[in-house]
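Asker: First, the structure itself, so that you have it in front of you.
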Amino acid sequence: MWKFLGKKFGRSSGASSRSHSVASSLADLRGKFYLEKHCTHGFPLAPSCMTYDPYRRVIFIGTASGELRMVGQAGVELTGMHDDINKVVQILPFASEESVITICSNNLMHKWSLVDDLGNSRLVLKRSYKFQGGLAKTITVCCLPPFCDCLFVGTLGGITYPMDTGFDGMSPEVLSWSRARAYLKYKGKDVPGEVRCLEICPTNHKQLLIGYEHSYLELWDALSWKPISIFGPLKDTADLLSICWHSDGQRFITSHWNGTICFWNTSTTAKPYMTQKLHEGERCQDISRIFWPSDDLLVMSGGGALDAVDGYSATVKDSEETVTLQMSSRVVGMHILEDAQADRDSGIVNSGPEPSEGASTVRRVLILLLEQEILFIDLQLPELPLLKPPYLHSMHNSPVKCVELHSDVGRELWQTLSQVGRVQQEAVYRARAKNWPIDGGELCSVPHDRRDLIVTGHEDGTVKFWDIREISMQLLYVVNCSRFFASLDSDFTRSDSDSESPEERQPRSRQIGFWDPRSDDDQMMVMALHFNGDQLVVGFQGGIALLFHINNQSANINIKLVRVSIMRDDPRQRGRNWQAPLEVRTDSVECSPGYQPFLCLSLFPNISVTALAIAQNSHLLGVGCIYGFCVVDYFKNTIIHTQSTYVMSQLDQGHLSRLQSIRRSFRQSLKRLNVRHSMRGMQSTQRSYRPTFNRSGSTRPSRMNRGPVIGAEGGATGGGASAESQPLRRDTVRTIAFTAPCHITGHSSVYSLLIGTNQGGVHAFTVDVPSAKHRDSRSPIVLPIEREFNAKKNHAALFLGVLDSHNYLLDVNDKGSYHPKGGQYLVVCTEDCLKVLSLPHMKKKFRMKLKQSDEDEQHIISAHYLRVSGQSAMLLMDSEGFISVYSLPDLKLLCKEDCVDASDAIGQRHFVCSRGGILAHQRSPSEFTRGSITEEARMEFHFTLQARQATPPPPPTPSSLGNCNDYLVEIPSPIKSPTSPPTTESLMETKGTTDIDGDFGGSPEAIDAFREIAL
């Protein structure tokens, strides 16, 4: 009847107009979501080399995976990636153009441009050149003289090849030992070995010093390519490792693998005028790199005594003493920054006498690039203090275990954390510079006022707060939880402490660095975090939960201990790796301003904490673990509810209606039939069962082979077997959520508590909290809701929440954000689907199923709530690395983007998203990739790169000495270099990847001469 009236009186047109408006609003909402990756926070994984560009005042870092990163001042960063994943061996910046050359381990040389065609600062790969021809032509070291268009390439065969910097030609003449010996009439016939070092004289750019493996040295004219002199050989010393010129250009120094240092003068070629060894009579570490900035200062990588150094070392030697710096990771690269400026402008905190006003000195900063971190050391002070860098912080000093991302943090809280964190950092970084020495680049973008924060929990029990407002991530504040337990001590200031007293050490030794490869106690691993502004909850693997609150003043705290028994203790069920629980300190603990603990929750048995939730206004704390959960009233420090999920299936039998019981019995009968059919022909159930490991590393049955549950006696039962025959299985609590009060009176407020388990169970409770007037006389009451939603499909519950009538999430800690009147929806996200149910009848309104069949291994990893422009949405991360955004409550697909690699299990597990749309995932153990999914979360940054140092007039070019075409052979290139990063196929096909044994395009006489010299 109503359909007839609608057609008769034109209701269909109104319905069509409404559907059109809904479609248009959906299209507008879809336009607000799209993925954009902005930058990478943290320290690059596995760095392989480092170079400082003195003309633009930036540093370049290459990695073992082929990544090239450039950093200048705070906010100036560029990242490029080679097409082939090979180790970057050397980086050579240009002085006269905005380019850089990289040398990779596969004998490929790449030329990068720092500016794209539109004039934006960007790393663009232009051309590539490959050396081929056997092992003898393997590149060992290269040298790019300043203000010259010639690149010198040293090889494993002991020959140095000059070539054009644009990879357009090579010279038929080479710089070899045989040619220098014939030209200078040297009578020695020894084989010098591979080319180890190529160094240009700092005062005369025409002189090139070549060092060979077996300590042979040659001085060449870099323009005319003629030998000048031969030094050595040193038959009494070990192989050569490094060469460094003195600033006067008349002396140089060599280092060797046995710790020997030789001082040379260009006027004396027979032997060095002085030879030293740092530790006489002891075996020393090899000196892989050495610097000679002044007559009374030597800085080298290595050189420590093998019997006294545990790990790796760097040595600083001056006229008074020798200091050995011990590190826990290998030195990859080092450089000394020299900047002449007045002491009053340096901003270095010095405890010594004040310098005279206007006195000018040379400020030197040592950069140590290690495998796991980067350190900046001030060489001007005798204490050798550390400088705090504005970027490249190593967040994996202790491995990251859990992550949280928060945006728009309160201004007062941000200022408190900044002030307290500044005091913490001053105790570690004792040298502070007002002007950072690496200040390349000019920022053009205006920083935003949004206060974004990443909170990480680590294996050693520390919680770190990271400032990610800009590209350069900085350490804001650190909470060291180990100091609140009786058996562990803090080790935060290890990086700036001497190992021995001044009377016992000779020479002086000091441990520096923050990376610690060893964990003191596995029970101190931070497994769960919950940050709620003024309060912080930290859960550990040892069954401990610490509750902190913010305090601007120092205080002596007595931590309240509350013991919670989830299950009774049975010593026979303790595993082989059982450990005694951690003991919290019972004495008064002196706490500095910041987050201070006031409550310790000790679970029994001492098993890992898996979920945390807090209701700040009601003073309620929810803690979930593998065996169950509990609710604590931290206003009175009492336990108001405890429940075990280890036998949850047995406890819930009484809450089923008769109809539900009949349905469950029928399903269980069918499952038992299937199990019996699958068990036919099996000789031994226990022997045939093998737990399969899924992507996350757990032994839970995989999606493709669920199989029956094997009991303790070897019998097999279905997943829904009766309580009498089903073995006890633990159901880990995966998520805990408090919702906003749905009923408020003058005496109490009624909250909702939602518990999601690893087997897909969703359990609801009501929490009756008395008002503030009656809180002293009454305690909160937790009551279970008889009607519950339980998937029973062994898919973990990832997200639980309640939406109000305006589709706003009922957040218990968000005041005034909810509308209790009207219909409400329960949002449940499990590993296989996303569902919206109407309350209170628990009827399914909308459903999105990710898995189409049981054989499909794709599943949801995490779920996050979004609130954009008054609209609610859900963001899902699946096991294939895709993120999907669905509208609420109708679950319409708004956006789907490829975010994380499908094989990157760590990046998928440590994927976080804020309510505003800021994304971050762990790219490597030391890096986080930052992105955005909404327009409000976009981050724009613009900067320009300009040469800071005045360029002196270039020396005479080779063309003034003769025709350049006589020794530079052109390589035909039919296709111009592209302006965008090329692919591997374009490198091999369109770019003319050339071979030194191929067709040079020159005259036959030049080719014959080149072959004769090479042979």
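By convention in this document, the chains of the structure tokens carry letters A, B, ... by their order, each chain's residues are numbered from 1, and ligands are numbered from 1 in the order they are shown.
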Give me every strand (DSSP E or B) residue in region 62-92 of chain A, going by DSSP on the backbone, as a PyMOL selection string.
Answerer: chain A and resi 62-63+67-71+77-81+88-92
Asker: I'd like the contact shell of Thr63 (chain A) - 12 Å cut-off, only C-alpha atoms, skipping same-chain residues fewer than 3 positions apart - returned as a PDB file with N, CA and C atoms, in the first residue's frame.
Answerer:
ATOM      1  N   PHE A  43      67.153   7.068  13.169  1.00  0.00           N
ATOM      2  CA  PHE A  43      68.518   6.808  12.708  1.00  0.00           C
ATOM      3  C   PHE A  43      68.475   5.803  11.569  1.00  0.00           C
ATOM      4  N   PRO A  44      69.207   6.031  10.487  1.00  0.00           N
ATOM      5  CA  PRO A  44      69.164   5.090   9.351  1.00  0.00           C
ATOM      6  C   PRO A  44      69.693   3.718   9.740  1.00  0.00           C
ATOM      7  N   LEU A  45      69.063   2.699   9.199  1.00  0.00           N
ATOM      8  CA  LEU A  45      69.440   1.328   9.510  1.00  0.00           C
ATOM      9  C   LEU A  45      70.703   0.938   8.766  1.00  0.00           C
ATOM     10  N   ALA A  46      71.677   0.374   9.474  1.00  0.00           N
ATOM     11  CA  ALA A  46      72.924  -0.160   8.923  1.00  0.00           C
ATOM     12  C   ALA A  46      73.648   0.868   8.067  1.00  0.00           C
ATOM     13  N   PRO A  47      74.099   1.993   8.645  1.00  0.00           N
ATOM     14  CA  PRO A  47      74.871   2.971   7.854  1.00  0.00           C
ATOM     15  C   PRO A  47      76.210   2.376   7.433  1.00  0.00           C
ATOM     16  N   SER A  48      76.668   2.780   6.254  1.00  0.00           N
ATOM     17  CA  SER A  48      77.907   2.223   5.713  1.00  0.00           C
ATOM     18  C   SER A  48      78.977   3.275   5.458  1.00  0.00           C
ATOM     19  N   CYS A  49      78.623   4.541   5.285  1.00  0.00           N
ATOM     20  CA  CYS A  49      79.613   5.584   5.038  1.00  0.00           C
ATOM     21  C   CYS A  49      79.006   6.931   5.370  1.00  0.00           C
ATOM     22  N   MET A  50      79.865   7.930   5.533  1.00  0.00           N
ATOM     23  CA  MET A  50      79.444   9.294   5.841  1.00  0.00           C
ATOM     24  C   MET A  50      80.425  10.271   5.211  1.00  0.00           C
ATOM     25  N   PHE A  60      76.162  13.709   4.402  1.00  0.00           N
ATOM     26  CA  PHE A  60      75.520  12.656   3.627  1.00  0.00           C
ATOM     27  C   PHE A  60      75.840  11.323   4.301  1.00  0.00           C
ATOM     28  N   GLY A  66      71.319   0.665   0.278  1.00  0.00           N
ATOM     29  CA  GLY A  66      71.298   1.553  -0.877  1.00  0.00           C
ATOM     30  C   GLY A  66      70.588   2.860  -0.652  1.00  0.00           C
ATOM     31  N   GLU A  67      70.337   3.246   0.584  1.00  0.00           N
ATOM     32  CA  GLU A  67      69.670   4.513   0.864  1.00  0.00           C
ATOM     33  C   GLU A  67      70.691   5.623   1.021  1.00  0.00           C
ATOM     34  N   LEU A  68      70.352   6.805   0.525  1.00  0.00           N
ATOM     35  CA  LEU A  68      71.194   7.996   0.642  1.00  0.00           C
ATOM     36  C   LEU A  68      70.396   9.062   1.368  1.00  0.00           C
ATOM     37  N   ARG A  69      70.928   9.546   2.483  1.00  0.00           N
ATOM     38  CA  ARG A  69      70.241  10.553   3.289  1.00  0.00           C
ATOM     39  C   ARG A  69      71.139  11.763   3.484  1.00  0.00           C
ATOM     40  N   MET A  70      70.558  12.938   3.338  1.00  0.00           N
ATOM     41  CA  MET A  70      71.252  14.204   3.546  1.00  0.00           C
ATOM     42  C   MET A  70      70.567  14.978   4.661  1.00  0.00           C
ATOM     43  N   THR A  79      66.059  12.339   1.279  1.00  0.00           N
ATOM     44  CA  THR A  79      66.283  10.904   1.234  1.00  0.00           C
ATOM     45  C   THR A  79      66.129  10.413  -0.193  1.00  0.00           C
ATOM     46  N   GLY A  80      67.069   9.619  -0.647  1.00  0.00           N
ATOM     47  CA  GLY A  80      67.020   8.986  -1.961  1.00  0.00           C
ATOM     48  C   GLY A  80      67.332   7.509  -1.841  1.00  0.00           C
ATOM     49  N   MET A  81      66.888   6.754  -2.825  1.00  0.00           N
ATOM     50  CA  MET A  81      67.073   5.307  -2.799  1.00  0.00           C
ATOM     51  C   MET A  81      67.596   4.848  -4.142  1.00  0.00           C
ATOM     52  N   HIS A  82      68.671   4.059  -4.130  1.00  0.00           N
ATOM     53  CA  HIS A  82      69.182   3.478  -5.359  1.00  0.00           C
ATOM     54  C   HIS A  82      68.225   2.412  -5.875  1.00  0.00           C
ATOM     55  N   ILE A  85      69.542  -2.688  -4.570  1.00  0.00           N
ATOM     56  CA  ILE A  85      69.831  -2.699  -3.138  1.00  0.00           C
ATOM     57  C   ILE A  85      71.259  -3.174  -2.943  1.00  0.00           C
ATOM     58  N   ASN A  86      72.184  -2.229  -2.909  1.00  0.00           N
ATOM     59  CA  ASN A  86      73.597  -2.530  -2.693  1.00  0.00           C
ATOM     60  C   ASN A  86      74.171  -1.510  -1.722  1.00  0.00           C
ATOM     61  N   LYS A  87      75.213  -1.912  -1.072  1.00  0.00           N
ATOM     62  CA  LYS A  87      75.848  -1.086  -0.058  1.00  0.00           C
ATOM     63  C   LYS A  87      76.500   0.140  -0.676  1.00  0.00           C
ATOM     64  N   VAL A  88      76.258   1.305  -0.082  1.00  0.00           N
ATOM     65  CA  VAL A  88      76.901   2.546  -0.505  1.00  0.00           C
ATOM     66  C   VAL A  88      78.264   2.610   0.172  1.00  0.00           C
ATOM     67  N   VAL A  89      79.316   2.658  -0.641  1.00  0.00           N
ATOM     68  CA  VAL A  89      80.682   2.588  -0.124  1.00  0.00           C
ATOM     69  C   VAL A  89      81.259   3.969   0.121  1.00  0.00           C
ATOM     70  N   GLN A  90      80.994   4.929  -0.784  1.00  0.00           N
ATOM     71  CA  GLN A  90      81.602   6.252  -0.680  1.00  0.00           C
ATOM     72  C   GLN A  90      80.672   7.284  -1.297  1.00  0.00           C
ATOM     73  N   ILE A  91      80.714   8.508  -0.757  1.00  0.00           N
ATOM     74  CA  ILE A  91      79.905   9.629  -1.230  1.00  0.00           C
ATOM     75  C   ILE A  91      80.842  10.796  -1.496  1.00  0.00           C
ATOM     76  N   THR A 102      77.813   8.819  -5.782  1.00  0.00           N
ATOM     77  CA  THR A 102      77.842   7.709  -4.837  1.00  0.00           C
ATOM     78  C   THR A 102      78.488   6.494  -5.498  1.00  0.00           C
ATOM     79  N   ILE A 103      79.274   5.775  -4.722  1.00  0.00           N
ATOM     80  CA  ILE A 103      79.927   4.545  -5.170  1.00  0.00           C
ATOM     81  C   ILE A 103      79.307   3.388  -4.400  1.00  0.00           C
ATOM     82  N   CYS A 104      78.823   2.387  -5.121  1.00  0.00           N
ATOM     83  CA  CYS A 104      78.169   1.236  -4.499  1.00  0.00           C
ATOM     84  C   CYS A 104      79.063   0.006  -4.578  1.00  0.00           C
ATOM     85  N   SER A 105      78.715  -0.999  -3.820  1.00  0.00           N
ATOM     86  CA  SER A 105      79.544  -2.190  -3.718  1.00  0.00           C
ATOM     87  C   SER A 105      79.513  -3.050  -4.958  1.00  0.00           C
ATOM     88  N   VAL A 332      81.720   3.504  11.768  1.00  0.00           N
ATOM     89  CA  VAL A 332      81.513   3.439  10.327  1.00  0.00           C
ATOM     90  C   VAL A 332      82.167   4.613   9.620  1.00  0.00           C
ATOM     91  N   GLY A 333      82.066   5.795  10.172  1.00  0.00           N
ATOM     92  CA  GLY A 333      82.662   6.986   9.579  1.00  0.00           C
ATOM     93  C   GLY A 333      82.914   8.025  10.637  1.00  0.00           C
ATOM     94  N   LEU A 369      80.144   8.383  13.434  1.00  0.00           N
ATOM     95  CA  LEU A 369      79.017   7.607  12.936  1.00  0.00           C
ATOM     96  C   LEU A 369      79.268   6.142  13.262  1.00  0.00           C
ATOM     97  N   LEU A 370      78.443   5.590  14.139  1.00  0.00           N
ATOM     98  CA  LEU A 370      78.540   4.199  14.526  1.00  0.00           C
ATOM     99  C   LEU A 370      77.453   3.393  13.826  1.00  0.00           C
ATOM    100  N   GLU A 371      77.541   2.101  13.952  1.00  0.00           N
ATOM    101  CA  GLU A 371      76.537   1.235  13.320  1.00  0.00           C
ATOM    102  C   GLU A 371      75.146   1.443  13.890  1.00  0.00           C
ATOM    103  N   GLN A 372      75.051   1.841  15.159  1.00  0.00           N
ATOM    104  CA  GLN A 372      73.753   1.939  15.821  1.00  0.00           C
ATOM    105  C   GLN A 372      73.393   3.345  16.262  1.00  0.00           C
TER     106      GLN A 372
END
Asker: Please determine, counting only C-alpha atoms, which residue among A:Arg585, A:Arg563, A:His41, A:Lys843 has the shortest atom-to-atom distance to Asn637 (chain A).
Answerer: A:Arg563
Asker: Contacts of Asp814 (chain A) at 12 Å or less, counting only C-alpha atoms, minus same-chain residues fewer than 6 places along, as a ChimeraX atom specification?
Answerer: /A:532-533,614-617,738-741,808
Asker: For the residues in the current selection, export C-alpha atoms as a PDB file, in the first residue's frame.
Answerer:
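Produced file again_38.pdb, reproduced below:
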ATOM      1  CA  ASN A 532      46.185   9.887  28.958  1.00  0.00           C
ATOM      2  CA  GLY A 533      47.686  13.318  29.365  1.00  0.00           C
ATOM      3  CA  ILE A 614      41.981   4.081  32.441  1.00  0.00           C
ATOM      4  CA  ALA A 615      38.938   6.155  33.375  1.00  0.00           C
ATOM      5  CA  GLN A 616      40.481   9.281  34.812  1.00  0.00           C
ATOM      6  CA  ASN A 617      37.317  10.952  36.132  1.00  0.00           C
ATOM      7  CA  PHE A 738      35.805   2.124  29.189  1.00  0.00           C
ATOM      8  CA  THR A 739      32.906   4.010  27.612  1.00  0.00           C
ATOM      9  CA  ALA A 740      31.352   7.275  28.677  1.00  0.00           C
ATOM     10  CA  PRO A 741      28.577   7.086  31.290  1.00  0.00           C
ATOM     11  CA  TYR A 808      30.802  10.054  17.945  1.00  0.00           C
TER      12      TYR A 808
END
Asker: Which residue is closest to Arg938 (chain A)? Choose from A:Arg508, A:His406, A:Lys137, A:His448 and count only C-alpha atoms.
Answerer: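 For Arg938 (chain A), the nearest of the candidates is A:His448.
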Asker: Between CA of Leu298 (chain A) and CA of Ile210 (chain A), measure the distance and give it in Å to one decimal.
Answerer: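 If I compute the distance from CA of Leu298 (chain A) to CA of Ile210 (chain A), I get 21.2 Å.
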Asker: Quick one: residues within 6 Å of Ile933 (chain A), only C-alpha atoms counted, chain neighbours fewer than 3 positions away excluded, as a list of chain:residue names?
Answerer: A:Phe33, A:Tyr34, A:Leu35, A:Gly917
Asker: Just the number, please: distance in Å from CA of Pro233 (chain A) to CA of Asp296 (chain A), one decimal.
Answerer: 26.5 Å
Asker: I'd like the contact shell of Ala863 (chain A) - 12 Å cut-off, only C-alpha atoms, skipping same-chain residues fewer than 4 positions apart - returned as a PyMOL selection string.
Answerer: chain A and resi 735+796-801+827-834+859+873-878+883-886+908-915
Asker: Which of these residues is nearest to Pro437 (chain A), using only C-alpha atoms: A:Lys464, A:Lys560, A:His795, A:Arg56?
Answerer: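 Using only C-alpha atoms, Pro437 (chain A) sits closest to A:Arg56.
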Asker: Please measure the separation of CA of Gln643 (chain A) and CA of Met567 (chain A), giving the value in Å to one decimal.
Answerer: 8.8 Å
Asker: May I ask which of the residues A:Ala27, A:Cys444, A:Met300, A:Ala545 is the closest one to Asn120 (chain A), counting only C-alpha atoms?
Answerer: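 Of A:Ala27, A:Cys444, A:Met300, A:Ala545, the one nearest Asn120 (chain A), counting only C-alpha atoms, is A:Cys444.
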Asker: From the options A:Gln285, A:Leu417, A:Asn556, A:Lys317, which residue's atoms come nearest to Ala305 (chain A), counting only C-alpha atoms?
Answerer: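 Result for the nearest residue to Ala305 (chain A): A:Gln285.
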Asker: For Ala737 (chain A), work out the shell of residues within 7 Å, counting only C-alpha atoms and skipping chain neighbours fewer than 6 positions away, then give it as number ranges by chain.
Answerer: A: 613, 753-755, 800
Asker: May I ask which of the residues A:Cys201, A:Ala314, A:Ala431, A:Leu108 is the closest one to Phe167 (chain A), counting only C-alpha atoms?
Answerer: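 The answer is A:Leu108, which sits nearest to Phe167 (chain A).
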Asker: Pick out the residues sitting within 10 Å of region 290-294 of chain A, and hand them over as a ChimeraX atom specification; count only C-alpha atoms, and ignore anything fewer than 3 positions along from it in its own chain.
Answerer: /A:241-248,252-256,261,287,297-303,314-316,318,334-338,364
Asker: Can you list, as a compact mmCIF listing (two decimals) with all heavy atoms, in the first residue's frame, every residue of region 195-443 of chain A that DSSP puts in helix (DSSP H, G or I)?
Answerer:
# COMPACT_ATOMS: atom_id res chain seq x y z
N ASP A 343 84.67 32.78 21.01
CA ASP A 343 84.21 31.89 22.07
C ASP A 343 82.88 32.34 22.66
O ASP A 343 82.08 31.54 23.10
CB ASP A 343 85.26 31.83 23.18
CG ASP A 343 86.40 30.89 22.81
OD1 ASP A 343 86.26 30.15 21.83
OD2 ASP A 343 87.41 30.93 23.51
N ARG A 344 82.65 33.64 22.72
CA ARG A 344 81.41 34.13 23.32
C ARG A 344 80.20 33.79 22.47
O ARG A 344 79.06 33.84 22.95
CB ARG A 344 81.49 35.64 23.51
CG ARG A 344 81.59 36.43 22.20
CD ARG A 344 81.49 37.93 22.48
NE ARG A 344 81.50 38.71 21.26
CZ ARG A 344 82.57 39.18 20.68
NH1 ARG A 344 83.76 38.96 21.25
NH2 ARG A 344 82.50 39.89 19.57
N ASP A 345 80.39 33.45 21.19
CA ASP A 345 79.27 33.09 20.32
C ASP A 345 79.11 31.59 20.19
O ASP A 345 78.16 31.14 19.56
CB ASP A 345 79.47 33.70 18.92
CG ASP A 345 79.46 35.21 18.97
OD1 ASP A 345 78.82 35.75 19.89
OD2 ASP A 345 80.10 35.84 18.10
N SER A 346 80.03 30.82 20.73
CA SER A 346 79.94 29.38 20.52
C SER A 346 78.84 28.74 21.34
O SER A 346 78.30 27.73 20.95
CB SER A 346 81.29 28.73 20.87
OG SER A 346 81.59 28.93 22.24
N ARG A 411 48.84 22.08 25.91
CA ARG A 411 49.98 23.00 25.92
C ARG A 411 50.72 22.99 27.25
O ARG A 411 51.95 23.02 27.29
CB ARG A 411 49.48 24.42 25.61
CG ARG A 411 50.59 25.43 25.34
CD ARG A 411 50.01 26.78 25.00
NE ARG A 411 49.16 26.69 23.84
CZ ARG A 411 49.62 26.79 22.58
NH1 ARG A 411 50.93 26.97 22.36
NH2 ARG A 411 48.79 26.73 21.56
N GLU A 412 49.99 22.95 28.36
CA GLU A 412 50.65 22.93 29.67
C GLU A 412 51.44 21.65 29.88
O GLU A 412 52.57 21.68 30.39
CB GLU A 412 49.60 23.10 30.77
CG GLU A 412 48.88 24.45 30.74
CD GLU A 412 47.89 24.57 31.88
OE1 GLU A 412 47.78 23.60 32.67
OE2 GLU A 412 47.23 25.63 31.98
N LEU A 413 50.87 20.54 29.48
CA LEU A 413 51.59 19.27 29.60
C LEU A 413 52.83 19.27 28.73
O LEU A 413 53.90 18.78 29.13
CB LEU A 413 50.67 18.12 29.24
CG LEU A 413 51.29 16.71 29.24
CD1 LEU A 413 51.78 16.35 30.63
CD2 LEU A 413 50.30 15.68 28.72
N TRP A 414 52.73 19.82 27.52
CA TRP A 414 53.88 19.88 26.62
C TRP A 414 55.00 20.72 27.22
O TRP A 414 56.18 20.35 27.15
CB TRP A 414 53.44 20.42 25.27
CG TRP A 414 54.50 20.35 24.23
CD1 TRP A 414 55.48 21.26 23.98
CD2 TRP A 414 54.71 19.28 23.29
NE1 TRP A 414 56.28 20.85 22.96
CE2 TRP A 414 55.84 19.64 22.51
CE3 TRP A 414 54.06 18.08 23.04
CZ2 TRP A 414 56.30 18.83 21.49
CZ3 TRP A 414 54.54 17.28 22.03
CH2 TRP A 414 55.65 17.65 21.26
N GLN A 415 54.66 21.85 27.80
CA GLN A 415 55.68 22.70 28.40
C GLN A 415 56.34 22.02 29.59
O GLN A 415 57.56 22.13 29.79
CB GLN A 415 55.05 24.03 28.82
CG GLN A 415 54.59 24.89 27.66
CD GLN A 415 53.91 26.17 28.12
OE1 GLN A 415 53.72 26.38 29.32
NE2 GLN A 415 53.52 27.02 27.17
N THR A 416 55.55 21.29 30.38
CA THR A 416 56.12 20.58 31.53
C THR A 416 57.10 19.50 31.08
O THR A 416 58.21 19.39 31.61
CB THR A 416 55.00 19.96 32.37
OG1 THR A 416 54.12 20.99 32.81
CG2 THR A 416 55.57 19.23 33.57
N LEU A 417 56.70 18.70 30.07
CA LEU A 417 57.60 17.65 29.58
C LEU A 417 58.85 18.25 28.95
O LEU A 417 59.94 17.69 29.08
CB LEU A 417 56.86 16.78 28.58
CG LEU A 417 55.68 15.96 29.11
CD1 LEU A 417 55.04 15.14 28.00
CD2 LEU A 417 56.12 15.05 30.24
N SER A 418 58.71 19.39 28.27
CA SER A 418 59.88 20.02 27.63
C SER A 418 60.86 20.52 28.68
O SER A 418 62.08 20.33 28.55
CB SER A 418 59.43 21.17 26.73
OG SER A 418 58.57 20.71 25.73
N GLN A 419 60.36 21.14 29.73
CA GLN A 419 61.25 21.66 30.77
C GLN A 419 61.95 20.54 31.52
O GLN A 419 63.16 20.60 31.76
CB GLN A 419 60.46 22.54 31.72
CG GLN A 419 59.91 23.81 31.10
CD GLN A 419 59.03 24.60 32.04
OE1 GLN A 419 58.82 24.20 33.19
NE2 GLN A 419 58.49 25.71 31.58
N VAL A 420 61.20 19.51 31.89
CA VAL A 420 61.81 18.41 32.62
C VAL A 420 62.78 17.64 31.72
O VAL A 420 63.87 17.23 32.16
CB VAL A 420 60.72 17.48 33.17
CG1 VAL A 420 61.34 16.28 33.87
CG2 VAL A 420 59.81 18.24 34.13
N GLY A 421 62.40 17.44 30.47
CA GLY A 421 63.30 16.75 29.54
C GLY A 421 64.57 17.52 29.27
O GLY A 421 65.63 16.91 29.06
N ARG A 422 64.49 18.84 29.28
CA ARG A 422 65.70 19.64 29.05
C ARG A 422 66.69 19.44 30.19
O ARG A 422 67.91 19.37 29.98
CB ARG A 422 65.31 21.10 28.93
CG ARG A 422 66.44 21.99 28.42
CD ARG A 422 65.99 23.42 28.26
NE ARG A 422 64.87 23.52 27.32
CZ ARG A 422 63.63 23.85 27.68
NH1 ARG A 422 63.36 24.12 28.95
NH2 ARG A 422 62.68 23.92 26.78
N VAL A 423 66.20 19.32 31.41
CA VAL A 423 67.08 19.06 32.55
C VAL A 423 67.70 17.67 32.44
O VAL A 423 68.88 17.47 32.75
CB VAL A 423 66.29 19.22 33.87
CG1 VAL A 423 67.17 18.86 35.06
CG2 VAL A 423 65.78 20.64 34.01
N GLN A 424 66.92 16.69 32.00
CA GLN A 424 67.47 15.35 31.82
C GLN A 424 68.58 15.34 30.77
O GLN A 424 69.62 14.70 30.97
CB GLN A 424 66.36 14.39 31.39
CG GLN A 424 65.39 14.00 32.48
CD GLN A 424 64.36 13.01 31.98
OE1 GLN A 424 64.20 12.82 30.77
NE2 GLN A 424 63.66 12.37 32.90
N GLN A 425 68.38 16.03 29.67
CA GLN A 425 69.37 15.99 28.60
C GLN A 425 70.63 16.75 28.96
O GLN A 425 71.73 16.38 28.53
CB GLN A 425 68.76 16.58 27.32
CG GLN A 425 67.53 15.85 26.82
CD GLN A 425 67.82 14.39 26.55
OE1 GLN A 425 68.84 14.04 26.00
NE2 GLN A 425 66.91 13.53 26.97
N GLU A 426 70.52 17.78 29.79
CA GLU A 426 71.71 18.53 30.19
C GLU A 426 72.63 17.68 31.06
O GLU A 426 73.84 17.91 31.09
CB GLU A 426 71.31 19.80 30.93
CG GLU A 426 70.71 20.88 30.03
CD GLU A 426 70.30 22.11 30.80
OE1 GLU A 426 70.42 22.07 32.05
OE2 GLU A 426 69.86 23.09 30.18
N ALA A 427 72.07 16.71 31.76
CA ALA A 427 72.90 15.82 32.57
C ALA A 427 73.66 14.82 31.71
O ALA A 427 74.68 14.28 32.14
CB ALA A 427 72.04 15.08 33.59
N VAL A 428 73.19 14.58 30.50
CA VAL A 428 73.84 13.63 29.60
C VAL A 428 74.72 14.36 28.59
O VAL A 428 75.89 14.03 28.41
CB VAL A 428 72.79 12.77 28.87
CG1 VAL A 428 73.46 11.82 27.90
CG2 VAL A 428 71.95 12.02 29.88
